[in-house]
Amino acid sequence: MALGGFIFQLTSAPLDQIQRTHQPRYAENQRVGKRPAYQFLGLGEEPMTLSGRLRPEITGGPSYLQVLKDMATSGNAWVLLSGTGADLGLWIITSVKETLSVFHTNGQARSIDFEITLKRIDDDDTARLGNITGGLQGLTVS
């Protein structure tokens, strides 16, 4: 899977799980003596959570999560591609969560669980589109 120019793989941030929710929007109209009536309003939020575990001795380290945090705070939207190459549309990063555990004697984490929450935006909102040269310019991964 790839988000913008960031490729989720063993050497960066391998994914263990992808959760996706489809939430159409409905307006509720209260009625006397009956259940509420619902009117379909169109597509709603479509949150997706990508989760995985970094083992810095084997996989990528914390610097890869920093790249994702920088992408999130850029305010840009990113093209999401599935592992098969399917275009999944434009997405924004709404949160990056990390849990550190199994520490070395020097305090460095040997295991970092992460969750990245994405929300889909309209595919025609290209003014928000980030790119590797513009959106991630100057970012380095070590």
# chains A, B, ... in the order shown; residues from 1 in each chain; ligands from 1

call {"tool": "select_by_dssp", "arguments": {"residues": "chain A", "states": "helix (DSSP H, G or I)", "output": "ChimeraX atom specification"}}
result
/A:62-73,126-128,132-135

call {"tool": "residues_around", "arguments": {"residues": "segment 67-78 of chain A", "least_positions_apart": "3", "cutoff": "6 Å", "atoms": "only C-alpha atoms", "output": "tab-separated table (two decimals) with C-alpha atoms, in the first residue's frame"}}
result
chain	number	residue	atom	x	y	z
A	3	LEU	CA	0.04	6.89	0.59
A	4	GLY	CA	1.40	9.69	-1.54
A	64	TYR	CA	9.21	6.59	9.31
A	90	LEU	CA	-7.63	11.08	-2.00
A	91	TRP	CA	-7.16	10.79	1.76
A	92	ILE	CA	-6.09	13.02	4.62
A	93	ILE	CA	-4.26	11.78	7.71
A	128	ARG	CA	-5.17	19.90	-1.43
A	129	LEU	CA	-3.15	17.24	-3.24
A	130	GLY	CA	0.32	16.73	-1.75

call {"tool": "select_by_dssp", "arguments": {"residues": "segment 87-139 of chain A", "states": "strand (DSSP E or B)", "output": "tab-separated table (two decimals) with C-alpha atoms, in the first residue's frame"}}
result
chain	number	residue	atom	x	y	z
A	87	ASP	CA	-6.40	3.85	-6.88
A	88	LEU	CA	-8.44	4.29	-3.67
A	89	GLY	CA	-8.83	8.08	-4.02
A	90	LEU	CA	-7.63	11.08	-2.00
A	91	TRP	CA	-7.16	10.79	1.76
A	92	ILE	CA	-6.09	13.02	4.62
A	93	ILE	CA	-4.26	11.78	7.71
A	94	THR	CA	-6.32	12.70	10.79
A	95	SER	CA	-4.18	10.98	13.43
A	96	VAL	CA	-0.98	9.05	13.99
A	97	LYS	CA	-0.91	7.01	17.19
A	98	GLU	CA	2.13	5.17	18.49
A	99	THR	CA	2.67	2.87	21.46
A	100	LEU	CA	6.24	2.15	22.52
A	101	SER	CA	7.19	-1.02	24.43
A	102	VAL	CA	9.99	-3.52	25.09
A	103	PHE	CA	12.73	-1.05	25.92
A	109	ALA	CA	11.83	1.10	22.21
A	110	ARG	CA	12.35	-2.25	20.52
A	111	SER	CA	8.67	-2.44	19.54
A	112	ILE	CA	6.46	0.40	18.28
A	113	ASP	CA	2.80	-0.28	17.53
A	114	PHE	CA	1.19	2.35	15.30
A	115	GLU	CA	-2.23	3.34	14.01
A	116	ILE	CA	-2.78	5.85	11.24
A	117	THR	CA	-6.32	7.13	10.76
A	118	LEU	CA	-7.28	8.39	7.30
A	119	LYS	CA	-10.44	10.01	6.00
A	120	ARG	CA	-11.40	10.12	2.36
A	121	ILE	CA	-12.08	13.44	0.69
A	129	LEU	CA	-3.15	17.24	-3.24

call {"tool": "residues_around", "arguments": {"residues": "segment 35-51 of chain A", "least_positions_apart": "2", "cutoff": "8 Å", "atoms": "only C-alpha atoms", "output": "list in words"}}
result
Leu15, Asp16, Gln17, Ile18, Gln19, Arg20, Thr21, His22, Gln23, Pro24, Arg25, Tyr26, Ala27, Glu28, Asn29, Gln30, Arg31, Val32, Gly33, Arg53, Asp113, Phe114, Glu115, Ile116, Thr117, Leu118, Lys119 and Arg120 of chain A

call {"tool": "write_last_selection", "arguments": {"atoms": "C-alpha atoms", "output": "tab-separated table (two decimals), in the first residue's frame"}}
result
chain	number	residue	atom	x	y	z
A	15	LEU	CA	1.02	-3.03	7.91
A	16	ASP	CA	-0.64	-5.75	9.97
A	17	GLN	CA	-4.25	-4.64	9.57
A	18	ILE	CA	-6.48	-2.34	7.54
A	19	GLN	CA	-9.91	-1.36	8.87
A	20	ARG	CA	-12.33	0.53	6.65
A	21	THR	CA	-15.82	1.82	7.43
A	22	HIS	CA	-18.46	2.96	4.96
A	23	GLN	CA	-20.82	5.50	6.55
A	24	PRO	CA	-23.60	6.89	4.32
A	25	ARG	CA	-25.32	10.03	5.67
A	26	TYR	CA	-28.96	10.14	6.68
A	27	ALA	CA	-31.13	12.90	8.12
A	28	GLU	CA	-33.55	11.81	10.82
A	29	ASN	CA	-37.11	13.14	10.77
A	30	GLN	CA	-39.15	12.55	13.92
A	31	ARG	CA	-42.76	11.42	13.45
A	32	VAL	CA	-45.60	11.23	15.95
A	33	GLY	CA	-46.63	7.67	16.75
A	53	ARG	CA	4.25	-2.82	14.36
A	113	ASP	CA	2.80	-0.28	17.53
A	114	PHE	CA	1.19	2.35	15.30
A	115	GLU	CA	-2.23	3.34	14.01
A	116	ILE	CA	-2.78	5.85	11.24
A	117	THR	CA	-6.32	7.13	10.76
A	118	LEU	CA	-7.28	8.39	7.30
A	119	LYS	CA	-10.44	10.01	6.00
A	120	ARG	CA	-11.40	10.12	2.36

call {"tool": "closest_residue", "arguments": {"among": "A:Ser12, A:Asp125, A:Ser82, A:Met1", "to": "Leu65 of chain A", "atoms": "only C-alpha atoms"}}
result
A:Ser12

call {"tool": "closest_residue", "arguments": {"among": "A:Gly85, A:Asn106, A:Gln9, A:Val79", "to": "Asp123 of chain A", "atoms": "only C-alpha atoms"}}
result
A:Val79

call {"tool": "atom_distance", "arguments": {"atom1": "atom CA of Ala13 of chain A", "atom2": "atom CA of Thr59 of chain A"}}
result
6.9 Å
